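This report refers to the structure that appears directly beneath it.
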Amino acid sequence: MTNAALPSGAYPIERRAGEVDRLRHQSDAWAPDTGAMLDAIGVGPGWHCLDLACGPGGITDMLAGRVVPSGSVTGLDADAEFLDIARCWGPAEVRYIQGDAYATGLPDGSFDLVHIRFLASTAGQPGRLIAEARRLLKPGGTLAMQEADFPTLRCYPPHPAWAQLAELFASAFPGHDSDDPVAQQLYRMLRQAGFQDVQYRPRLVGTRAGDAWQDYLPATVESLRSGLVAQGRITDAALDDLLAQCRAHLALPDTTFTSITCVQVWGQRVMA
């Protein structure tokens, strides 16, 4: 999603060369925990599912593997180019549509599952997303959200370039320095919105040198470059230097890092 393409949220991550690969590595890294969440929810044949802000695929492949052919999967995103990529690479059974995740225009009560990942914590306005998802759910349907909490993004052994990039990364998103970050608000927000049997499952991924996700932090900050430079947080030259130092450190065979915490929260819309 480009910033300009998302009318309802200030989404700071820009589409650039390499962004699709970054998102695919991210999806692969979180796939085991996402699968465990879908299993716990009970997503299965015949369900009608919506992946909001799916980007170039999101979890539409995982959903399709559980619900088709008797069910259906829709992926919605604001970025037409990402959707073209999803149509080429994703399951043929998935319907991809362009739209605003905060105001989809889709009919009320259309889905058994609405899934949202890394949107409320990056573009903000979680209350609007929850309200829109609730509208789209059938009575008894499930809203599942996966959102980022940043303090666990740390590398070992520590390195100043990593620390500076991690701070730049977190600073690009709403409420990054709050003691009550967006991801940690979701459990009570779903309860207060009337969802039942709300679950809370924070997850963490560990990565070592040589893993496919090794470049996660530098690649993500590169996708934030325009906003960081425009806001005067760093110059292009200084950012290039930090990226080079961080990548050199991550390439050392003894280096590991822990990811952001992915806070999984899900609950059922109250039956009518």
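The chains in the structure tokens are called A, B, ... from first to last as shown; in each chain the residues are counted from 1, and the ligands are counted from 1 in the order shown.
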Determine which residues of range 193-227 of chain A receive a DSSP assignment of alpha helix (DSSP H), computed from the backbone, and state them as a CSV table (one decimal) with all heavy atoms, in the first residue's frame.
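Contents of out.csv, freshly written:
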```csv
chain,number,residue,atom,x,y,z
A,216,TYR,N,15.2,-8.2,7.8
A,216,TYR,CA,13.9,-7.6,8.1
A,216,TYR,C,14.0,-6.2,8.5
A,216,TYR,O,13.3,-5.3,8.0
A,216,TYR,CB,13.3,-8.4,9.3
A,216,TYR,CG,12.1,-7.7,9.9
A,216,TYR,CD1,10.9,-7.6,9.2
A,216,TYR,CD2,12.2,-7.2,11.2
A,216,TYR,CE1,9.8,-6.9,9.8
A,216,TYR,CE2,11.1,-6.6,11.8
A,216,TYR,CZ,9.9,-6.5,11.1
A,216,TYR,OH,8.9,-5.8,11.7
A,217,LEU,N,14.8,-5.8,9.5
A,217,LEU,CA,14.9,-4.4,10.0
A,217,LEU,C,15.4,-3.5,8.9
A,217,LEU,O,14.8,-2.4,8.6
A,217,LEU,CB,15.7,-4.3,11.3
A,217,LEU,CG,15.8,-2.9,11.8
A,217,LEU,CD1,14.4,-2.3,12.1
A,217,LEU,CD2,16.7,-2.9,13.1
A,218,PRO,N,16.6,-3.7,8.3
A,218,PRO,CA,17.1,-2.8,7.3
A,218,PRO,C,16.1,-2.6,6.1
A,218,PRO,O,15.9,-1.5,5.7
A,218,PRO,CB,18.4,-3.4,6.8
A,218,PRO,CG,18.9,-4.3,8.0
A,218,PRO,CD,17.6,-4.8,8.6
A,219,ALA,N,15.5,-3.8,5.7
A,219,ALA,CA,14.6,-3.7,4.5
A,219,ALA,C,13.4,-2.9,4.9
A,219,ALA,O,12.9,-2.1,4.1
A,219,ALA,CB,14.2,-5.1,4.1
A,220,THR,N,12.8,-3.0,6.1
A,220,THR,CA,11.7,-2.3,6.5
A,220,THR,C,12.0,-0.8,6.6
A,220,THR,O,11.2,0.1,6.2
A,220,THR,CB,11.1,-2.8,7.8
A,220,THR,OG1,10.9,-4.2,7.7
A,220,THR,CG2,9.8,-2.1,8.1
A,221,VAL,N,13.1,-0.4,7.2
A,221,VAL,CA,13.5,1.0,7.3
A,221,VAL,C,13.7,1.6,5.9
A,221,VAL,O,13.3,2.7,5.7
A,221,VAL,CB,14.7,1.2,8.2
A,221,VAL,CG1,15.2,2.6,8.2
A,221,VAL,CG2,14.4,0.7,9.6
A,222,GLU,N,14.2,0.8,5.0
A,222,GLU,CA,14.4,1.3,3.6
A,222,GLU,C,13.0,1.7,3.0
A,222,GLU,O,12.9,2.7,2.3
A,222,GLU,CB,15.1,0.3,2.7
A,222,GLU,CG,16.6,0.3,2.9
A,222,GLU,CD,17.3,-0.4,1.8
A,222,GLU,OE1,17.0,-1.6,1.5
A,222,GLU,OE2,18.1,0.3,1.1
A,225,ARG,N,12.0,5.1,4.2
A,225,ARG,CA,13.0,6.2,3.9
A,225,ARG,C,12.4,7.5,3.6
A,225,ARG,O,12.8,8.5,4.2
A,225,ARG,CB,13.9,5.8,2.8
A,225,ARG,CG,15.0,6.8,2.4
A,225,ARG,CD,15.7,6.5,1.1
A,225,ARG,NE,16.6,5.3,1.3
A,225,ARG,CZ,17.9,5.4,1.6
A,225,ARG,NH1,18.4,6.6,1.9
A,225,ARG,NH2,18.6,4.3,1.7
A,226,SER,N,11.5,7.6,2.7
A,226,SER,CA,11.0,8.9,2.2
A,226,SER,C,10.4,9.7,3.4
A,226,SER,O,10.7,10.9,3.5
A,226,SER,CB,9.9,8.7,1.1
A,226,SER,OG,10.5,8.2,0.0
A,227,GLY,N,9.6,9.1,4.2
A,227,GLY,CA,9.0,9.8,5.3
A,227,GLY,C,10.0,10.2,6.4
A,227,GLY,O,9.9,11.3,6.9
```
Please provide as a PyMOL selection string all residues within 6 Å of range 102-115 of chain A, with the sequence filter that same-chain residues fewer than 5 positions apart are discarded (counting only C-alpha atoms).
chain A and resi 47-51+129+135-138+141-145
Go ahead and write the selection's residues with N, CA, C and O atoms as a PDB file, in the first residue's frame.
```
ATOM      1  N   TRP A  47     -16.245 -21.642   5.084  1.00  0.00           N
ATOM      2  CA  TRP A  47     -16.172 -20.283   5.643  1.00  0.00           C
ATOM      3  C   TRP A  47     -15.984 -19.264   4.513  1.00  0.00           C
ATOM      4  O   TRP A  47     -15.319 -19.535   3.500  1.00  0.00           O
ATOM      5  N   HIS A  48     -16.539 -18.078   4.729  1.00  0.00           N
ATOM      6  CA  HIS A  48     -16.340 -16.952   3.816  1.00  0.00           C
ATOM      7  C   HIS A  48     -15.464 -15.929   4.540  1.00  0.00           C
ATOM      8  O   HIS A  48     -15.852 -15.397   5.585  1.00  0.00           O
ATOM      9  N   CYS A  49     -14.269 -15.678   3.994  1.00  0.00           N
ATOM     10  CA  CYS A  49     -13.216 -14.947   4.709  1.00  0.00           C
ATOM     11  C   CYS A  49     -12.794 -13.708   3.943  1.00  0.00           C
ATOM     12  O   CYS A  49     -12.728 -13.709   2.706  1.00  0.00           O
ATOM     13  N   LEU A  50     -12.445 -12.669   4.700  1.00  0.00           N
ATOM     14  CA  LEU A  50     -11.936 -11.417   4.141  1.00  0.00           C
ATOM     15  C   LEU A  50     -10.605 -11.093   4.797  1.00  0.00           C
ATOM     16  O   LEU A  50     -10.510 -11.040   6.022  1.00  0.00           O
ATOM     17  N   ASP A  51      -9.567 -10.877   3.976  1.00  0.00           N
ATOM     18  CA  ASP A  51      -8.259 -10.435   4.462  1.00  0.00           C
ATOM     19  C   ASP A  51      -8.128  -8.957   4.110  1.00  0.00           C
ATOM     20  O   ASP A  51      -7.882  -8.604   2.952  1.00  0.00           O
ATOM     21  N   LEU A 129     -11.326   0.481  12.263  1.00  0.00           N
ATOM     22  CA  LEU A 129     -11.147  -0.838  11.658  1.00  0.00           C
ATOM     23  C   LEU A 129     -12.038  -1.873  12.333  1.00  0.00           C
ATOM     24  O   LEU A 129     -12.661  -2.708  11.660  1.00  0.00           O
ATOM     25  N   ARG A 135     -19.154  -4.701  11.241  1.00  0.00           N
ATOM     26  CA  ARG A 135     -20.244  -4.545  10.278  1.00  0.00           C
ATOM     27  C   ARG A 135     -20.229  -5.638   9.222  1.00  0.00           C
ATOM     28  O   ARG A 135     -21.282  -6.125   8.782  1.00  0.00           O
ATOM     29  N   LEU A 136     -19.034  -6.023   8.806  1.00  0.00           N
ATOM     30  CA  LEU A 136     -18.888  -7.000   7.718  1.00  0.00           C
ATOM     31  C   LEU A 136     -19.122  -8.438   8.166  1.00  0.00           C
ATOM     32  O   LEU A 136     -19.340  -9.318   7.330  1.00  0.00           O
ATOM     33  N   LEU A 137     -19.047  -8.686   9.469  1.00  0.00           N
ATOM     34  CA  LEU A 137     -19.172 -10.055   9.973  1.00  0.00           C
ATOM     35  C   LEU A 137     -20.623 -10.487  10.090  1.00  0.00           C
ATOM     36  O   LEU A 137     -21.502  -9.725  10.491  1.00  0.00           O
ATOM     37  N   LYS A 138     -20.840 -11.771   9.803  1.00  0.00           N
ATOM     38  CA  LYS A 138     -22.114 -12.388  10.116  1.00  0.00           C
ATOM     39  C   LYS A 138     -22.238 -12.512  11.636  1.00  0.00           C
ATOM     40  O   LYS A 138     -21.220 -12.564  12.337  1.00  0.00           O
ATOM     41  N   GLY A 141     -19.668 -14.488  13.607  1.00  0.00           N
ATOM     42  CA  GLY A 141     -18.409 -14.469  12.872  1.00  0.00           C
ATOM     43  C   GLY A 141     -17.269 -13.940  13.719  1.00  0.00           C
ATOM     44  O   GLY A 141     -17.474 -13.332  14.773  1.00  0.00           O
ATOM     45  N   THR A 142     -16.050 -14.162  13.240  1.00  0.00           N
ATOM     46  CA  THR A 142     -14.850 -13.870  14.023  1.00  0.00           C
ATOM     47  C   THR A 142     -14.010 -12.762  13.390  1.00  0.00           C
ATOM     48  O   THR A 142     -13.731 -12.808  12.190  1.00  0.00           O
ATOM     49  N   LEU A 143     -13.624 -11.796  14.208  1.00  0.00           N
ATOM     50  CA  LEU A 143     -12.608 -10.813  13.828  1.00  0.00           C
ATOM     51  C   LEU A 143     -11.282 -11.263  14.413  1.00  0.00           C
ATOM     52  O   LEU A 143     -11.181 -11.509  15.622  1.00  0.00           O
ATOM     53  N   ALA A 144     -10.256 -11.382  13.568  1.00  0.00           N
ATOM     54  CA  ALA A 144      -8.907 -11.751  14.003  1.00  0.00           C
ATOM     55  C   ALA A 144      -7.952 -10.646  13.599  1.00  0.00           C
ATOM     56  O   ALA A 144      -7.895 -10.257  12.431  1.00  0.00           O
ATOM     57  N   MET A 145      -7.188 -10.129  14.578  1.00  0.00           N
ATOM     58  CA  MET A 145      -6.235  -9.057  14.321  1.00  0.00           C
ATOM     59  C   MET A 145      -4.842  -9.488  14.786  1.00  0.00           C
ATOM     60  O   MET A 145      -4.700 -10.154  15.823  1.00  0.00           O
TER      61      MET A 145
END
```
Give me, as a PDB file with C-alpha atoms, in the first residue's frame, all polymer residues having an atom no more than 9 Å from Leu119 in chain A, counting only C-alpha atoms and skipping those fewer than 5 positions away in the same chain.
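Saved result, around.pdb, follows:
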```
ATOM      1  CA  GLY A   9      -4.882   5.861   7.383  1.00  0.00           C
ATOM      2  CA  TYR A  11       0.331   4.323   6.194  1.00  0.00           C
ATOM      3  CA  LEU A  52      -8.265  -6.643   4.899  1.00  0.00           C
ATOM      4  CA  ALA A  53      -5.166  -4.777   3.660  1.00  0.00           C
ATOM      5  CA  GLY A 124      -3.729   3.821  13.219  1.00  0.00           C
ATOM      6  CA  PRO A 126      -8.049   0.826  15.303  1.00  0.00           C
ATOM      7  CA  LEU A 129     -11.147  -0.838  11.658  1.00  0.00           C
ATOM      8  CA  GLN A 146      -2.436  -9.361  14.359  1.00  0.00           C
ATOM      9  CA  GLU A 147      -0.632  -6.155  15.298  1.00  0.00           C
ATOM     10  CA  ALA A 148       2.912  -5.073  16.118  1.00  0.00           C
TER      11      ALA A 148
END
```
Between CA of Val182 in chain A and CA of Leu83 in chain A, distance in Å (one decimal):
26.7 Å
Listing only residues of range 145-235 of chain A within 10 Å of range 251-256 of chain A, what is the closest atom pair and its distance in Å (to one decimal) for each, using only C-alpha atoms, sorted by chain and residue number ascending, as CSV?
```
residue,atom,partner,partner_atom,distance
A:Arg154,CA,A:Thr256,CA,8.7
A:Cys155,CA,A:Thr256,CA,5.8
A:Tyr156,CA,A:Thr256,CA,5.3
A:Pro157,CA,A:Thr255,CA,6.3
A:Pro158,CA,A:Thr255,CA,8.9
A:His159,CA,A:Thr255,CA,10.0
A:Gly206,CA,A:Thr256,CA,7.2
A:Thr207,CA,A:Thr256,CA,5.6
A:Arg208,CA,A:Thr256,CA,4.2
A:Ala209,CA,A:Pro253,CA,5.4
A:Gly210,CA,A:Ala251,CA,7.0
A:Asp211,CA,A:Thr256,CA,9.6
A:Gln214,CA,A:Ala251,CA,8.0
A:Asp215,CA,A:Ala251,CA,9.1
```
Name the residues of range 87-152 of chain A that come out as strand (DSSP E or B) in a backbone DSSP run; write them as a PyMOL selection string.
chain A and resi 95-98+100+103+111-117+137-149
For the residues selected in the previous step, produce a file with N, CA and C atoms as a JSON list (two decimals), in the first residue's frame.
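Final file, selection_7.json:
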```
[["chain", "number", "residue", "atom", "x", "y", "z"],
["A", 95, "ARG", "N", -10.68, -13.93, -4.61],
["A", 95, "ARG", "CA", -11.12, -12.70, -5.27],
["A", 95, "ARG", "C", -10.37, -11.54, -4.64],
["A", 96, "TYR", "N", -9.69, -10.74, -5.46],
["A", 96, "TYR", "CA", -8.96, -9.58, -4.97],
["A", 96, "TYR", "C", -9.65, -8.32, -5.45],
["A", 97, "ILE", "N", -9.90, -7.39, -4.51],
["A", 97, "ILE", "CA", -10.58, -6.14, -4.87],
["A", 97, "ILE", "C", -9.82, -4.96, -4.26],
["A", 98, "GLN", "N", -9.89, -3.84, -4.96],
["A", 98, "GLN", "CA", -9.25, -2.62, -4.48],
["A", 98, "GLN", "C", -10.26, -1.84, -3.64],
["A", 100, "ASP", "N", -10.76, 0.64, 0.41],
["A", 100, "ASP", "CA", -10.29, 1.25, 1.63],
["A", 100, "ASP", "C", -10.65, 0.33, 2.80],
["A", 103, "ALA", "N", -13.29, 1.67, 5.15],
["A", 103, "ALA", "CA", -14.63, 1.89, 4.60],
["A", 103, "ALA", "C", -14.73, 1.10, 3.31],
["A", 111, "PHE", "N", -19.29, -12.04, 5.95],
["A", 111, "PHE", "CA", -18.14, -12.92, 6.18],
["A", 111, "PHE", "C", -18.22, -13.63, 7.53],
["A", 112, "ASP", "N", -17.66, -14.85, 7.52],
["A", 112, "ASP", "CA", -17.49, -15.61, 8.76],
["A", 112, "ASP", "C", -16.21, -15.20, 9.49],
["A", 113, "LEU", "N", -15.22, -14.69, 8.73],
["A", 113, "LEU", "CA", -13.95, -14.25, 9.31],
["A", 113, "LEU", "C", -13.49, -12.99, 8.62],
["A", 114, "VAL", "N", -13.12, -11.99, 9.39],
["A", 114, "VAL", "CA", -12.40, -10.82, 8.89],
["A", 114, "VAL", "C", -11.04, -10.81, 9.58],
["A", 115, "HIS", "N", -9.98, -10.77, 8.79],
["A", 115, "HIS", "CA", -8.62, -10.78, 9.32],
["A", 115, "HIS", "C", -7.93, -9.47, 8.95],
["A", 116, "ILE", "N", -7.19, -8.91, 9.91],
["A", 116, "ILE", "CA", -6.42, -7.68, 9.70],
["A", 116, "ILE", "C", -5.04, -7.88, 10.32],
["A", 117, "ARG", "N", -3.98, -7.61, 9.56],
["A", 117, "ARG", "CA", -2.63, -7.75, 10.10],
["A", 117, "ARG", "C", -1.79, -6.52, 9.80],
["A", 137, "LEU", "N", -19.05, -8.69, 9.47],
["A", 137, "LEU", "CA", -19.17, -10.05, 9.97],
["A", 137, "LEU", "C", -20.62, -10.49, 10.09],
["A", 138, "LYS", "N", -20.84, -11.77, 9.80],
["A", 138, "LYS", "CA", -22.11, -12.39, 10.12],
["A", 138, "LYS", "C", -22.24, -12.51, 11.64],
["A", 139, "PRO", "N", -23.45, -12.57, 12.18],
["A", 139, "PRO", "CA", -23.58, -12.86, 13.61],
["A", 139, "PRO", "C", -22.86, -14.17, 13.95],
["A", 140, "GLY", "N", -22.01, -14.14, 14.97],
["A", 140, "GLY", "CA", -21.21, -15.30, 15.32],
["A", 140, "GLY", "C", -19.90, -15.39, 14.57],
["A", 141, "GLY", "N", -19.67, -14.49, 13.61],
["A", 141, "GLY", "CA", -18.41, -14.47, 12.87],
["A", 141, "GLY", "C", -17.27, -13.94, 13.72],
["A", 142, "THR", "N", -16.05, -14.16, 13.24],
["A", 142, "THR", "CA", -14.85, -13.87, 14.02],
["A", 142, "THR", "C", -14.01, -12.76, 13.39],
["A", 143, "LEU", "N", -13.62, -11.80, 14.21],
["A", 143, "LEU", "CA", -12.61, -10.81, 13.83],
["A", 143, "LEU", "C", -11.28, -11.26, 14.41],
["A", 144, "ALA", "N", -10.26, -11.38, 13.57],
["A", 144, "ALA", "CA", -8.91, -11.75, 14.00],
["A", 144, "ALA", "C", -7.95, -10.65, 13.60],
["A", 145, "MET", "N", -7.19, -10.13, 14.58],
["A", 145, "MET", "CA", -6.24, -9.06, 14.32],
["A", 145, "MET", "C", -4.84, -9.49, 14.79],
["A", 146, "GLN", "N", -3.83, -9.13, 14.00],
["A", 146, "GLN", "CA", -2.44, -9.36, 14.36],
["A", 146, "GLN", "C", -1.72, -8.02, 14.22],
["A", 147, "GLU", "N", -1.22, -7.48, 15.34],
["A", 147, "GLU", "CA", -0.63, -6.15, 15.30],
["A", 147, "GLU", "C", 0.70, -6.12, 16.03],
["A", 148, "ALA", "N", 1.52, -5.13, 15.68],
["A", 148, "ALA", "CA", 2.91, -5.07, 16.12],
["A", 148, "ALA", "C", 3.09, -4.26, 17.39],
["A", 149, "ASP", "N", 3.84, -4.83, 18.33],
["A", 149, "ASP", "CA", 4.33, -4.12, 19.51],
["A", 149, "ASP", "C", 5.85, -4.14, 19.42]]
```
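Across the structure, CA of Ser259 in chain A and CA of Ser171 in chain A are spaced 16.0 Å apart.
The closest residue to Thr261 in chain A, picked from A:Ser27, A:Thr34, A:Thr152, A:Gln199 and counting only C-alpha atoms, is A:Thr152.
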Residues near Ala170 in chain A, cut-off 12 Å, only C-alpha atoms, skip fewer than 3 positions along chain, as a ChimeraX atom specification:
/A:12-13,121-122,148-154,163-167,173-178,181,217,220-221,224,228,260
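The gap separating CA of Ala161 in chain A from CA of Ala230 in chain A is 20.5 Å, in Å to one decimal.
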Using only C-alpha atoms, determine which residues lie at most 10 Å from Val20 in chain A, disregarding the query and same-chain residues fewer than 6 positions distant; provide the list as a list in words.
Gln26, Gly55, Pro56, Gly57, Phe82 and Ile85 of chain A
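Closest approach to Ala193 in chain A among A:Pro160, A:Gly127, A:Gly35, A:Gly232: A:Gly127, based on only C-alpha atoms.
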